[in-house]
Amino acid sequence: IISKSTQNNPYGRADSGNLLGLSPLYAPTYGWALNFDVATILSPTLTNDLLFGYAVNGIPGNAPPANSPYYRANSGITIPLLYPNADPSHLIPNFSFAGIPSPSGSQFTTFAGLPYANRNPIWDVTDNLTKVSGAHTLKAGLFYEYAVKTESPFKPINSTIYFDTNSQNPGDTNWPFANALLGNFNKYVQPNTYLAPDYRYQNIEWYAQDTWKVSTHLTINYGLRMSIVLPFVDDKRDMSDLLPSAYNPSQAVSYYVPTLVAGQRAALNPLTGATGNVALIGDIVPNSGTLYNGIIQEGQNGMPLGLLKDRGIQWGPRFGLAYNWGKMVFRVGGGVFYDRVTTFEIGTTSNYVTNPPTLVQSQILYGNLATIPTASTVNVPATITGLSPDGHVPTVYNYSAGIQRQLPFETLLDVSYVGSESRHLPEQDPFNYVPFGSAWLPQNQDPTLGAPQYNGNTTLPTQLYRPYAGYTSGSYYTFGSSSNYNALQVAVNHRVGAGLTFGVSYSFAKALGIPGPSLGTPGVGSILNTRAFNYGPLGFDQRQTLVINYIYSLPNVARAGFIDNVVGRKVLNGWQIGGLINMAAGTPVNATYASSGTSGNVASATLNREITGSEDVAPRVRLTCNPNLAMGTRNINEFINTSCFAPANVGSVGDDSGINVLHGPGTNQWDMALYKRIPFTERVYAQLRLEAFNALNHPQFSSFNSTITFNAAGQIINLPSQLGGTGGRFGFGALSATRANSNRILQIAAKFYF
């Protein structure tokens, strides 16, 4: 299997982007796979099956052609680099011009991931041995997989230059383009090195199982699968982690703090008393404390390779039972399953090679392009991603029980209970968040902002009072998240050779856990108690689902009388109608809110400081009643009960309401089809098809406006304008979007069968 393609993304993609579109940006991708299977019959009762596979895929990147003006040599843009050897791409810098009214966005070029390296070869070997002995079918086997993932992180190694307007910058002209013409920048940033790490990982598994036919009525399956899920390891040993236990408060760095000089705000070095430019406030004082306090690189000082501890053998027992009597079968089963921690679940491995000290982003403030090579850089708080080294392996416990019963008229009834429990899932816990109420403490007030108000409006910049000095807020991934799924599933299927064929399936299910931002991402933790604050319906929780499919062959009309002729049979016989009905409840939704002041909406950071006292943690809206309306009382302007919401009280710790308590719009789609078979011979025929998707043209809404704006009195002011609010046509509570292709679609087609 071989695949290869090349896209032209002139305005970029994840690894690059620009508003100029001056040349193509080619993004080639490739992949191919090779498989061998050798089956050997060793004896009439003994067989062996050996499989070998190799596959590789890659994304070389979004590379401009050789004559592109995006290269420094072609454009004549010879702005010096702070680290010339860090940039193998030789692309022009990333330019930012914040302060101009258009085009939307300030970043004109963002070559943040070039040159981009992405390659993933995988080798795997599987061997299965099967032995039949009397009433037993014995199986044993092993599986080995070895893979390497090469991926460069998205970092602007070609530098980023901010010509943004800033009244504190002595060289500012109050117009970004003029700043650029003079070479006066607000900020210059460049990473100190280019990285293209190789991550390798191995999976080793082996198993033994027995299928025992105890009697004509009873069959039992039992077995055990052993797994060794080794952590991914960076061959270049560039990954690093912050261990809170290794952080030494006595070696903490110091920051420049705000002060007043001749009535003007300035930065104060608290160690020497010297003052400097106001832009230094919140930056690290040189030669103070230990930079990257608590950071340990893999393979050093007890930190395991790959940052995760090897958990050894994981034991996965399996059991199944089937018992039949008459026209009924009872089945029950369960097992334990393991999976490796994927790089996407822990913030991607590139987060750990870009932790300091391997990669450091140096910054120059308020300078000129000509002075870049000799300019003094400043140390700013580092953004890091932490990972708990205990390395628990995500574990799933699956179990089910069901009864299948043959009913009259060739109909089969299936009633089952299906459940699963997931443990040791990755959890994205907050790192270095400022504590609740810290914005109100006397020691955290900014003396340059006038008399302290102790309400969040005169608070120091957050980096000056974060628990771990030298770092910004970030994520620390642990393995304490969990989820569960439980469902009652009922299916009725009627299958016959002609006439009516139909199937009906219904499920009543709950999917609960600690939700992440989207499916496939880790749970998001809380500063205080993750499970108590964030446990609830998952984003894909869909309580009820009903699906009906049917095909009905209409009776042949031309089978007697004067219409039983060639023309009559061709026109009147061979008709079928079919369809698919899909009805499902909506998925969960969270409501968020902002407050409105005299000059517009209050910034979220300000709201957080005022209500929770922590700039990092937002309050949740309070619920005063059940906001979910009954199906018959919903309408397009008020899908939920908007009177049930109130702002959080001062002192909130973010648990004012539960997670995902609102229910979004469901689906109600009827697809119908009309088929006509036109036979030419016994085996050759054509089929004409008229298909209508969402035939009833039922509105398929996908979401409603779930963002609230309260005024100072705690009243909602952004209700839809048709209900007297200021939110416009799609104000709070109004249905605001439809699903893709939700309108009626008609399709006419013909198929030929030979």
# chains A, B, ... in the order shown; residues from 1 in each chain; ligands from 1
>>> residues_around(residues="Leu662 (chain A)", least_positions_apart="2", cutoff="10 Å", atoms="only C-alpha atoms", output="PyMOL selection string")
chain A and resi 537+586-591+626-629+640+658-660+664-665+706
>>> write_last_selection(atoms="N, CA, C and O atoms", output="PDB file, in the first residue's frame")
ATOM      1  N   PRO A 537     -20.984  14.569  33.186  1.00  0.00           N
ATOM      2  CA  PRO A 537     -21.147  14.005  31.833  1.00  0.00           C
ATOM      3  C   PRO A 537     -19.987  14.410  30.934  1.00  0.00           C
ATOM      4  O   PRO A 537     -19.543  15.562  30.946  1.00  0.00           O
ATOM      5  N   GLY A 586     -29.329  15.385  22.642  1.00  0.00           N
ATOM      6  CA  GLY A 586     -28.187  16.273  22.475  1.00  0.00           C
ATOM      7  C   GLY A 586     -27.061  15.954  23.437  1.00  0.00           C
ATOM      8  O   GLY A 586     -27.239  15.272  24.457  1.00  0.00           O
ATOM      9  N   THR A 587     -25.883  16.436  23.104  1.00  0.00           N
ATOM     10  CA  THR A 587     -24.709  16.251  23.953  1.00  0.00           C
ATOM     11  C   THR A 587     -24.592  17.418  24.932  1.00  0.00           C
ATOM     12  O   THR A 587     -25.197  18.472  24.742  1.00  0.00           O
ATOM     13  N   PRO A 588     -23.786  17.271  25.993  1.00  0.00           N
ATOM     14  CA  PRO A 588     -23.724  18.292  27.047  1.00  0.00           C
ATOM     15  C   PRO A 588     -23.096  19.605  26.584  1.00  0.00           C
ATOM     16  O   PRO A 588     -22.279  19.636  25.658  1.00  0.00           O
ATOM     17  N   VAL A 589     -23.481  20.670  27.287  1.00  0.00           N
ATOM     18  CA  VAL A 589     -22.982  22.018  27.012  1.00  0.00           C
ATOM     19  C   VAL A 589     -22.719  22.700  28.348  1.00  0.00           C
ATOM     20  O   VAL A 589     -23.457  22.497  29.322  1.00  0.00           O
ATOM     21  N   ASN A 590     -21.673  23.525  28.402  1.00  0.00           N
ATOM     22  CA  ASN A 590     -21.385  24.350  29.571  1.00  0.00           C
ATOM     23  C   ASN A 590     -21.768  25.787  29.292  1.00  0.00           C
ATOM     24  O   ASN A 590     -21.554  26.297  28.196  1.00  0.00           O
ATOM     25  N   ALA A 591     -22.294  26.460  30.279  1.00  0.00           N
ATOM     26  CA  ALA A 591     -22.571  27.891  30.162  1.00  0.00           C
ATOM     27  C   ALA A 591     -21.426  28.674  30.800  1.00  0.00           C
ATOM     28  O   ALA A 591     -20.924  28.305  31.864  1.00  0.00           O
ATOM     29  N   ASN A 626     -33.599  24.163  37.288  1.00  0.00           N
ATOM     30  CA  ASN A 626     -33.192  23.295  36.192  1.00  0.00           C
ATOM     31  C   ASN A 626     -33.308  24.072  34.877  1.00  0.00           C
ATOM     32  O   ASN A 626     -34.400  24.437  34.456  1.00  0.00           O
ATOM     33  N   PRO A 627     -32.183  24.323  34.196  1.00  0.00           N
ATOM     34  CA  PRO A 627     -32.245  25.162  32.994  1.00  0.00           C
ATOM     35  C   PRO A 627     -32.695  24.416  31.740  1.00  0.00           C
ATOM     36  O   PRO A 627     -32.924  25.053  30.705  1.00  0.00           O
ATOM     37  N   ASN A 628     -32.816  23.107  31.801  1.00  0.00           N
ATOM     38  CA  ASN A 628     -33.184  22.329  30.619  1.00  0.00           C
ATOM     39  C   ASN A 628     -34.705  22.281  30.481  1.00  0.00           C
ATOM     40  O   ASN A 628     -35.399  21.760  31.359  1.00  0.00           O
ATOM     41  N   LEU A 629     -35.205  22.845  29.407  1.00  0.00           N
ATOM     42  CA  LEU A 629     -36.642  22.856  29.173  1.00  0.00           C
ATOM     43  C   LEU A 629     -37.114  21.529  28.608  1.00  0.00           C
ATOM     44  O   LEU A 629     -36.356  20.815  27.940  1.00  0.00           O
ATOM     45  N   ILE A 640     -33.265  27.040  26.187  1.00  0.00           N
ATOM     46  CA  ILE A 640     -33.136  26.691  27.597  1.00  0.00           C
ATOM     47  C   ILE A 640     -33.863  27.731  28.429  1.00  0.00           C
ATOM     48  O   ILE A 640     -34.249  28.788  27.929  1.00  0.00           O
ATOM     49  N   GLY A 658     -22.238  22.375  38.325  1.00  0.00           N
ATOM     50  CA  GLY A 658     -21.564  21.186  37.831  1.00  0.00           C
ATOM     51  C   GLY A 658     -21.070  21.355  36.403  1.00  0.00           C
ATOM     52  O   GLY A 658     -21.283  22.373  35.746  1.00  0.00           O
ATOM     53  N   ILE A 659     -20.410  20.316  35.932  1.00  0.00           N
ATOM     54  CA  ILE A 659     -19.878  20.293  34.570  1.00  0.00           C
ATOM     55  C   ILE A 659     -20.935  19.735  33.619  1.00  0.00           C
ATOM     56  O   ILE A 659     -21.605  18.752  33.921  1.00  0.00           O
ATOM     57  N   ASN A 660     -21.088  20.374  32.462  1.00  0.00           N
ATOM     58  CA  ASN A 660     -21.930  19.852  31.378  1.00  0.00           C
ATOM     59  C   ASN A 660     -23.363  19.570  31.824  1.00  0.00           C
ATOM     60  O   ASN A 660     -23.920  18.501  31.561  1.00  0.00           O
ATOM     61  N   GLY A 664     -27.528  20.050  24.728  1.00  0.00           N
ATOM     62  CA  GLY A 664     -27.621  20.693  23.428  1.00  0.00           C
ATOM     63  C   GLY A 664     -28.710  20.088  22.562  1.00  0.00           C
ATOM     64  O   GLY A 664     -29.380  19.118  22.942  1.00  0.00           O
ATOM     65  N   PRO A 665     -28.914  20.627  21.381  1.00  0.00           N
ATOM     66  CA  PRO A 665     -29.948  20.112  20.472  1.00  0.00           C
ATOM     67  C   PRO A 665     -29.638  18.687  20.031  1.00  0.00           C
ATOM     68  O   PRO A 665     -28.478  18.324  19.806  1.00  0.00           O
ATOM     69  N   SER A 706     -24.390  29.862  24.492  1.00  0.00           N
ATOM     70  CA  SER A 706     -24.296  29.500  25.910  1.00  0.00           C
ATOM     71  C   SER A 706     -23.425  30.470  26.700  1.00  0.00           C
ATOM     72  O   SER A 706     -22.976  30.146  27.792  1.00  0.00           O
TER      73      SER A 706
END
>>> residues_around(residues="Ala532 (chain A)", least_positions_apart="4", cutoff="9 Å", atoms="only C-alpha atoms", output="list in words")
Ser526, Leu528 and Asp655 of chain A
>>> residues_around(residues="region 295-300 of chain A", least_positions_apart="4", cutoff="6 Å", atoms="only C-alpha atoms", output="list in words")
Met239, Ser240, Asp241, Leu242, Pro304, Leu305 and Leu307 of chain A
>>> residues_around(residues="region 190-197 of chain A", least_positions_apart="5", cutoff="10 Å", atoms="only C-alpha atoms", output="compact mmCIF listing (two decimals) with all heavy atoms, in the first residue's frame")
# COMPACT_ATOMS: atom_id res chain seq x y z
N LEU A 81 20.19 37.70 13.36
CA LEU A 81 19.60 36.80 14.33
C LEU A 81 20.41 36.82 15.62
O LEU A 81 21.63 36.96 15.60
CB LEU A 81 19.55 35.37 13.79
CG LEU A 81 18.63 35.11 12.61
CD1 LEU A 81 18.83 33.69 12.09
CD2 LEU A 81 17.17 35.31 13.00
N LEU A 82 19.72 36.65 16.72
CA LEU A 82 20.41 36.55 18.00
C LEU A 82 21.19 35.24 18.07
O LEU A 82 22.29 35.18 18.62
CB LEU A 82 19.38 36.62 19.13
CG LEU A 82 19.92 36.70 20.55
CD1 LEU A 82 20.76 37.96 20.75
CD2 LEU A 82 18.75 36.67 21.56
N TYR A 83 20.60 34.18 17.48
CA TYR A 83 21.25 32.87 17.42
C TYR A 83 21.29 32.42 15.96
O TYR A 83 20.41 31.68 15.50
CB TYR A 83 20.49 31.84 18.26
CG TYR A 83 20.38 32.20 19.72
CD1 TYR A 83 19.15 32.61 20.25
CD2 TYR A 83 21.47 32.13 20.57
CE1 TYR A 83 19.02 32.94 21.58
CE2 TYR A 83 21.35 32.46 21.91
CZ TYR A 83 20.13 32.87 22.41
OH TYR A 83 20.02 33.20 23.73
N PRO A 84 22.28 32.84 15.19
CA PRO A 84 22.32 32.50 13.75
C PRO A 84 22.36 31.00 13.49
O PRO A 84 21.79 30.53 12.49
CB PRO A 84 23.61 33.19 13.27
CG PRO A 84 23.90 34.24 14.28
CD PRO A 84 23.39 33.71 15.59
N ASN A 85 23.02 30.23 14.35
CA ASN A 85 23.16 28.79 14.11
C ASN A 85 21.91 28.01 14.48
O ASN A 85 21.87 26.79 14.28
CB ASN A 85 24.36 28.26 14.90
CG ASN A 85 25.67 28.86 14.43
OD1 ASN A 85 25.82 29.19 13.26
ND2 ASN A 85 26.62 29.01 15.35
N ALA A 86 20.92 28.68 15.04
CA ALA A 86 19.70 27.98 15.44
C ALA A 86 18.70 27.86 14.31
O ALA A 86 17.69 27.16 14.46
CB ALA A 86 19.06 28.70 16.62
N ASP A 87 18.96 28.52 13.18
CA ASP A 87 17.95 28.61 12.12
C ASP A 87 18.45 27.98 10.82
O ASP A 87 19.09 28.64 10.00
CB ASP A 87 17.59 30.08 11.88
CG ASP A 87 16.58 30.23 10.73
OD1 ASP A 87 15.84 29.27 10.48
OD2 ASP A 87 16.56 31.30 10.12
N PRO A 88 18.16 26.68 10.60
CA PRO A 88 18.54 26.06 9.33
C PRO A 88 17.58 26.39 8.20
O PRO A 88 17.82 26.04 7.05
CB PRO A 88 18.51 24.57 9.65
CG PRO A 88 17.49 24.44 10.72
CD PRO A 88 17.57 25.71 11.53
N SER A 89 16.46 27.05 8.49
CA SER A 89 15.46 27.31 7.46
C SER A 89 15.81 28.51 6.60
O SER A 89 15.42 28.57 5.43
CB SER A 89 14.09 27.55 8.12
OG SER A 89 14.11 28.75 8.86
N PRO A 93 12.01 36.61 9.21
CA PRO A 93 11.43 36.54 10.56
C PRO A 93 9.91 36.54 10.52
O PRO A 93 9.28 36.85 9.51
CB PRO A 93 11.97 37.82 11.23
CG PRO A 93 13.14 38.24 10.42
CD PRO A 93 12.84 37.81 9.01
N LEU A 114 8.82 25.62 10.85
CA LEU A 114 9.66 25.26 9.72
C LEU A 114 11.13 25.43 10.07
O LEU A 114 11.49 26.39 10.76
CB LEU A 114 9.31 26.12 8.50
CG LEU A 114 7.87 25.98 7.99
CD1 LEU A 114 7.67 26.88 6.77
CD2 LEU A 114 7.53 24.56 7.65
N PRO A 115 12.00 24.52 9.63
CA PRO A 115 11.68 23.33 8.82
C PRO A 115 11.02 22.26 9.68
O PRO A 115 11.48 21.96 10.78
CB PRO A 115 13.05 22.87 8.32
CG PRO A 115 14.01 23.35 9.36
CD PRO A 115 13.45 24.65 9.87
N TYR A 116 9.94 21.70 9.15
CA TYR A 116 9.14 20.75 9.90
C TYR A 116 9.56 19.33 9.56
O TYR A 116 9.65 18.96 8.39
CB TYR A 116 7.66 20.95 9.56
CG TYR A 116 6.73 20.06 10.34
CD1 TYR A 116 6.79 19.99 11.72
CD2 TYR A 116 5.78 19.29 9.69
CE1 TYR A 116 5.93 19.18 12.44
CE2 TYR A 116 4.90 18.48 10.39
CZ TYR A 116 4.98 18.44 11.77
OH TYR A 116 4.13 17.63 12.47
N ALA A 117 9.83 18.54 10.59
CA ALA A 117 10.21 17.13 10.41
C ALA A 117 9.15 16.26 11.08
O ALA A 117 8.82 16.46 12.25
CB ALA A 117 11.58 16.86 11.02
N ASN A 118 8.61 15.30 10.35
CA ASN A 118 7.62 14.39 10.92
C ASN A 118 7.69 13.06 10.17
O ASN A 118 7.36 12.99 8.98
CB ASN A 118 6.21 14.99 10.79
CG ASN A 118 5.18 14.19 11.59
OD1 ASN A 118 5.23 12.98 11.65
ND2 ASN A 118 4.25 14.90 12.20
N LYS A 149 9.16 7.95 16.38
CA LYS A 149 8.42 9.14 15.96
C LYS A 149 9.39 10.32 15.97
O LYS A 149 9.91 10.71 17.01
CB LYS A 149 7.27 9.42 16.93
CG LYS A 149 6.50 10.71 16.64
CD LYS A 149 5.68 10.61 15.37
CE LYS A 149 4.74 11.80 15.24
NZ LYS A 149 3.97 11.77 13.97
N THR A 150 9.62 10.88 14.78
CA THR A 150 10.45 12.08 14.66
C THR A 150 9.52 13.25 14.40
O THR A 150 8.74 13.22 13.44
CB THR A 150 11.46 11.94 13.51
OG1 THR A 150 12.31 10.83 13.76
CG2 THR A 150 12.30 13.20 13.39
N GLU A 151 9.58 14.24 15.25
CA GLU A 151 8.72 15.40 15.06
C GLU A 151 9.36 16.63 15.68
O GLU A 151 9.71 16.64 16.86
CB GLU A 151 7.34 15.19 15.67
CG GLU A 151 6.40 16.35 15.41
CD GLU A 151 4.98 16.08 15.86
OE1 GLU A 151 4.78 15.14 16.65
OE2 GLU A 151 4.07 16.80 15.43
N SER A 152 9.51 17.64 14.87
CA SER A 152 10.07 18.89 15.38
C SER A 152 8.96 19.72 16.01
O SER A 152 7.82 19.71 15.55
CB SER A 152 10.73 19.68 14.25
OG SER A 152 9.80 19.92 13.21
N PRO A 153 9.26 20.44 17.09
CA PRO A 153 8.23 21.27 17.73
C PRO A 153 7.98 22.54 16.94
O PRO A 153 8.79 22.97 16.12
CB PRO A 153 8.86 21.58 19.10
CG PRO A 153 10.33 21.49 18.86
CD PRO A 153 10.54 20.44 17.82
N PHE A 154 6.82 23.12 17.18
CA PHE A 154 6.45 24.36 16.50
C PHE A 154 7.05 25.54 17.25
O PHE A 154 6.42 26.11 18.15
CB PHE A 154 4.93 24.51 16.43
CG PHE A 154 4.26 23.48 15.57
CD1 PHE A 154 2.91 23.23 15.69
CD2 PHE A 154 4.98 22.76 14.63
CE1 PHE A 154 2.28 22.28 14.89
CE2 PHE A 154 4.36 21.81 13.82
CZ PHE A 154 3.01 21.58 13.95
N LYS A 155 8.27 25.91 16.88
CA LYS A 155 8.93 27.04 17.52
C LYS A 155 9.51 27.96 16.44
O LYS A 155 10.07 27.48 15.45
CB LYS A 155 10.04 26.57 18.45
CG LYS A 155 9.55 25.79 19.67
CD LYS A 155 8.65 26.66 20.56
CE LYS A 155 8.10 25.87 21.73
NZ LYS A 155 7.18 26.68 22.56
N PRO A 156 9.40 29.29 16.62
CA PRO A 156 9.86 30.24 15.59
C PRO A 156 11.37 30.43 15.64
O PRO A 156 11.88 31.45 16.10
CB PRO A 156 9.12 31.52 15.97
CG PRO A 156 8.94 31.42 17.45
CD PRO A 156 8.75 29.95 17.75
N ILE A 157 12.11 29.45 15.13
CA ILE A 157 13.57 29.53 15.19
C ILE A 157 14.13 30.64 14.33
O ILE A 157 15.29 31.03 14.47
CB ILE A 157 14.19 28.19 14.77
CG1 ILE A 157 13.68 27.79 13.38
CG2 ILE A 157 13.90 27.10 15.78
CD1 ILE A 157 14.35 26.59 12.80
N ASN A 158 13.32 31.16 13.40
CA ASN A 158 13.76 32.27 12.54
C ASN A 158 13.50 33.62 13.19
O ASN A 158 13.68 34.65 12.55
CB ASN A 158 13.08 32.20 11.18
CG ASN A 158 11.56 32.10 11.32
OD1 ASN A 158 11.06 31.40 12.19
ND2 ASN A 158 10.82 32.81 10.49
N SER A 159 13.07 33.64 14.44
CA SER A 159 12.82 34.82 15.28
C SER A 159 11.45 35.42 15.01
O SER A 159 10.87 35.27 13.93
CB SER A 159 13.90 35.90 15.10
OG SER A 159 13.71 36.62 13.90
N THR A 160 10.94 36.10 16.01
CA THR A 160 9.69 36.85 15.91
C THR A 160 9.96 38.27 16.37
O THR A 160 10.48 38.49 17.46
CB THR A 160 8.59 36.22 16.78
OG1 THR A 160 8.39 34.86 16.39
CG2 THR A 160 7.28 36.98 16.62
N ILE A 161 9.60 39.23 15.52
CA ILE A 161 9.85 40.63 15.81
C ILE A 161 8.51 41.35 15.93
O ILE A 161 7.70 41.34 14.99
CB ILE A 161 10.72 41.29 14.73
CG1 ILE A 161 12.01 40.50 14.52
CG2 ILE A 161 11.05 42.73 15.10
CD1 ILE A 161 12.88 41.01 13.39
N VAL A 233 10.91 7.16 24.58
CA VAL A 233 12.22 7.67 24.99
C VAL A 233 12.77 8.53 23.87
O VAL A 233 12.71 8.15 22.69
CB VAL A 233 13.18 6.51 25.31
CG1 VAL A 233 14.58 7.05 25.62
CG2 VAL A 233 12.66 5.68 26.47
N ASP A 234 13.31 9.68 24.22
CA ASP A 234 13.96 10.56 23.26
C ASP A 234 15.41 10.12 23.11
O ASP A 234 16.19 10.18 24.07
CB ASP A 234 13.87 12.01 23.74
CG ASP A 234 14.71 12.95 22.88
OD1 ASP A 234 14.96 12.62 21.72
OD2 ASP A 234 15.11 14.00 23.40
N ASP A 235 15.77 9.66 21.91
CA ASP A 235 17.14 9.16 21.70
C ASP A 235 18.19 10.23 21.94
O ASP A 235 19.34 9.91 22.24
CB ASP A 235 17.28 8.61 20.27
CG ASP A 235 16.60 7.26 20.13
OD1 ASP A 235 16.30 6.63 21.17
OD2 ASP A 235 16.36 6.83 18.99
N LYS A 236 17.80 11.49 21.81
CA LYS A 236 18.78 12.57 21.99
C LYS A 236 18.79 13.10 23.42
O LYS A 236 19.56 14.02 23.72
CB LYS A 236 18.47 13.69 21.00
CG LYS A 236 18.59 13.22 19.55
CD LYS A 236 18.18 14.30 18.54
CE LYS A 236 18.26 13.75 17.13
NZ LYS A 236 17.80 14.73 16.11
N ARG A 237 17.96 12.54 24.29
CA ARG A 237 17.94 12.86 25.72
C ARG A 237 17.70 14.36 25.96
O ARG A 237 18.32 14.96 26.83
CB ARG A 237 19.25 12.43 26.40
CG ARG A 237 19.62 10.97 26.20
CD ARG A 237 18.63 10.05 26.90
NE ARG A 237 19.10 8.67 26.88
CZ ARG A 237 18.72 7.76 26.01
NH1 ARG A 237 17.85 8.09 25.04
NH2 ARG A 237 19.16 6.52 26.07
N ASP A 238 16.79 14.94 25.18
CA ASP A 238 16.53 16.37 25.31
C ASP A 238 15.32 16.68 26.19
O ASP A 238 15.08 17.84 26.52
CB ASP A 238 16.30 17.00 23.92
CG ASP A 238 17.58 17.19 23.14
OD1 ASP A 238 18.64 17.33 23.78
OD2 ASP A 238 17.53 17.18 21.89
N MET A 239 14.55 15.68 26.58
CA MET A 239 13.35 15.95 27.37
C MET A 239 13.72 16.28 28.81
O MET A 239 14.67 15.74 29.37
CB MET A 239 12.41 14.75 27.33
CG MET A 239 11.72 14.56 25.99
SD MET A 239 10.30 13.44 26.08
CE MET A 239 11.10 11.90 26.46
N THR A 349 4.85 15.12 23.09
CA THR A 349 6.22 14.99 23.58
C THR A 349 7.04 16.23 23.30
O THR A 349 8.01 16.51 24.01
CB THR A 349 6.89 13.78 22.91
OG1 THR A 349 6.65 13.84 21.50
CG2 THR A 349 6.34 12.49 23.45
N SER A 350 6.68 17.00 22.27
CA SER A 350 7.46 18.20 21.97
C SER A 350 7.41 19.20 23.10
O SER A 350 8.27 20.07 23.22
CB SER A 350 6.98 18.83 20.66
OG SER A 350 5.65 19.30 20.79
N VAL A 353 10.66 18.43 25.21
CA VAL A 353 11.96 18.82 24.67
C VAL A 353 12.07 20.34 24.62
O VAL A 353 13.17 20.89 24.57
CB VAL A 353 12.24 18.23 23.28
CG1 VAL A 353 12.29 16.72 23.34
CG2 VAL A 353 11.22 18.70 22.27
N THR A 354 10.94 21.03 24.62
CA THR A 354 10.98 22.49 24.60
C THR A 354 10.97 23.09 26.00
O THR A 354 10.96 24.31 26.15
CB THR A 354 9.81 23.06 23.78
OG1 THR A 354 8.58 22.57 24.32
CG2 THR A 354 9.93 22.66 22.33
N THR A 358 16.93 22.71 27.66
CA THR A 358 17.26 22.36 26.28
C THR A 358 16.93 23.50 25.33
O THR A 358 17.74 23.86 24.47
CB THR A 358 16.49 21.09 25.86
OG1 THR A 358 16.84 20.03 26.75
CG2 THR A 358 16.84 20.69 24.44
N LEU A 359 15.75 24.05 25.48
CA LEU A 359 15.34 25.15 24.61
C LEU A 359 14.95 26.34 25.48
O LEU A 359 14.14 26.21 26.41
CB LEU A 359 14.19 24.73 23.71
CG LEU A 359 13.77 25.76 22.66
CD1 LEU A 359 13.41 25.06 21.36
CD2 LEU A 359 12.60 26.60 23.14
N VAL A 360 15.54 27.47 25.18
CA VAL A 360 15.25 28.71 25.91
C VAL A 360 14.91 29.78 24.89
O VAL A 360 15.63 29.96 23.89
CB VAL A 360 16.46 29.15 26.76
CG1 VAL A 360 16.17 30.48 27.43
CG2 VAL A 360 16.80 28.09 27.80
N GLN A 361 13.83 30.48 25.12
CA GLN A 361 13.46 31.59 24.24
C GLN A 361 13.99 32.89 24.83
O GLN A 361 13.52 33.34 25.88
CB GLN A 361 11.95 31.66 24.05
CG GLN A 361 11.38 30.43 23.36
CD GLN A 361 10.14 30.76 22.55
OE1 GLN A 361 10.19 31.52 21.60
NE2 GLN A 361 9.03 30.16 22.91
N SER A 362 14.96 33.48 24.17
CA SER A 362 15.54 34.73 24.64
C SER A 362 14.75 35.91 24.11
O SER A 362 14.17 35.85 23.01
CB SER A 362 17.00 34.84 24.20
OG SER A 362 17.77 33.81 24.80
N GLN A 363 14.77 37.00 24.87
CA GLN A 363 13.92 38.14 24.54
C GLN A 363 14.71 39.43 24.68
O GLN A 363 15.47 39.61 25.64
CB GLN A 363 12.72 38.14 25.48
CG GLN A 363 11.74 39.25 25.28
CD GLN A 363 10.49 39.05 26.13
OE1 GLN A 363 9.69 38.17 25.87
NE2 GLN A 363 10.34 39.86 27.15
N ILE A 364 14.52 40.33 23.71
CA ILE A 364 15.08 41.68 23.77
C ILE A 364 13.91 42.66 23.76
O ILE A 364 12.99 42.54 22.94
CB ILE A 364 16.00 41.96 22.56
CG1 ILE A 364 17.11 40.91 22.46
CG2 ILE A 364 16.61 43.35 22.68
CD1 ILE A 364 17.93 41.03 21.19
>>> closest_residue(among="A:Leu696, A:Leu268, A:Leu723, A:Leu607", to="Arg744 (chain A)", atoms="only C-alpha atoms")
A:Leu696
>>> residues_around(residues="Phe710 (chain A)", least_positions_apart="3", cutoff="7 Å", atoms="only C-alpha atoms", output="list in words")
Ala594, Ser595, Ser596, Gly714, Gln715, Ile716 and Ile717 of chain A
>>> atom_distance(atom1="CA of Thr395 (chain A)", atom2="CA of His424 (chain A)")
6.3 Å
>>> residues_around(residues="Ser481 (chain A)", least_positions_apart="5", cutoff="7 Å", atoms="only C-alpha atoms", output="PyMOL selection string")
chain A and resi 423-427+514+523
>>> closest_residue(among="A:Thr109, A:Asn8, A:Asp124, A:Leu413", to="Gly53 (chain A)", atoms="only C-alpha atoms")
A:Asp124
>>> residues_around(residues="Val329 (chain A)", least_positions_apart="2", cutoff="9 Å", atoms="only C-alpha atoms", output="number ranges by chain")
A: 322-327, 331, 402-405
>>> closest_residue(among="A:Pro356, A:Asn457, A:His90, A:Leu291", to="Asn74 (chain A)", atoms="only C-alpha atoms")
A:His90
>>> select_by_dssp(residues="region 500-599 of chain A", states="alpha helix (DSSP H)", output="VMD selection string")
chain A and resid 530 to 534 566 to 572
>>> atom_distance(atom1="CA of Val621 (chain A)", atom2="CA of Asn486 (chain A)")
28.8 Å
>>> select_by_dssp(residues="region 191-408 of chain A", states="strand (DSSP E or B)", output="ChimeraX atom specification")
/A:191,198-213,218-229,233-234,240-242,255,257-261,264-268,275-276,284,295-297,313-325,328-338,361-368,378-379,382,385-387,395-407
>>> atom_distance(atom1="CA of Arg559 (chain A)", atom2="CA of Arg495 (chain A)")
24.9 Å
>>> closest_residue(among="A:Gly450, A:Pro720, A:Arg683, A:Arg729", to="Gly263 (chain A)", atoms="only C-alpha atoms")
A:Gly450
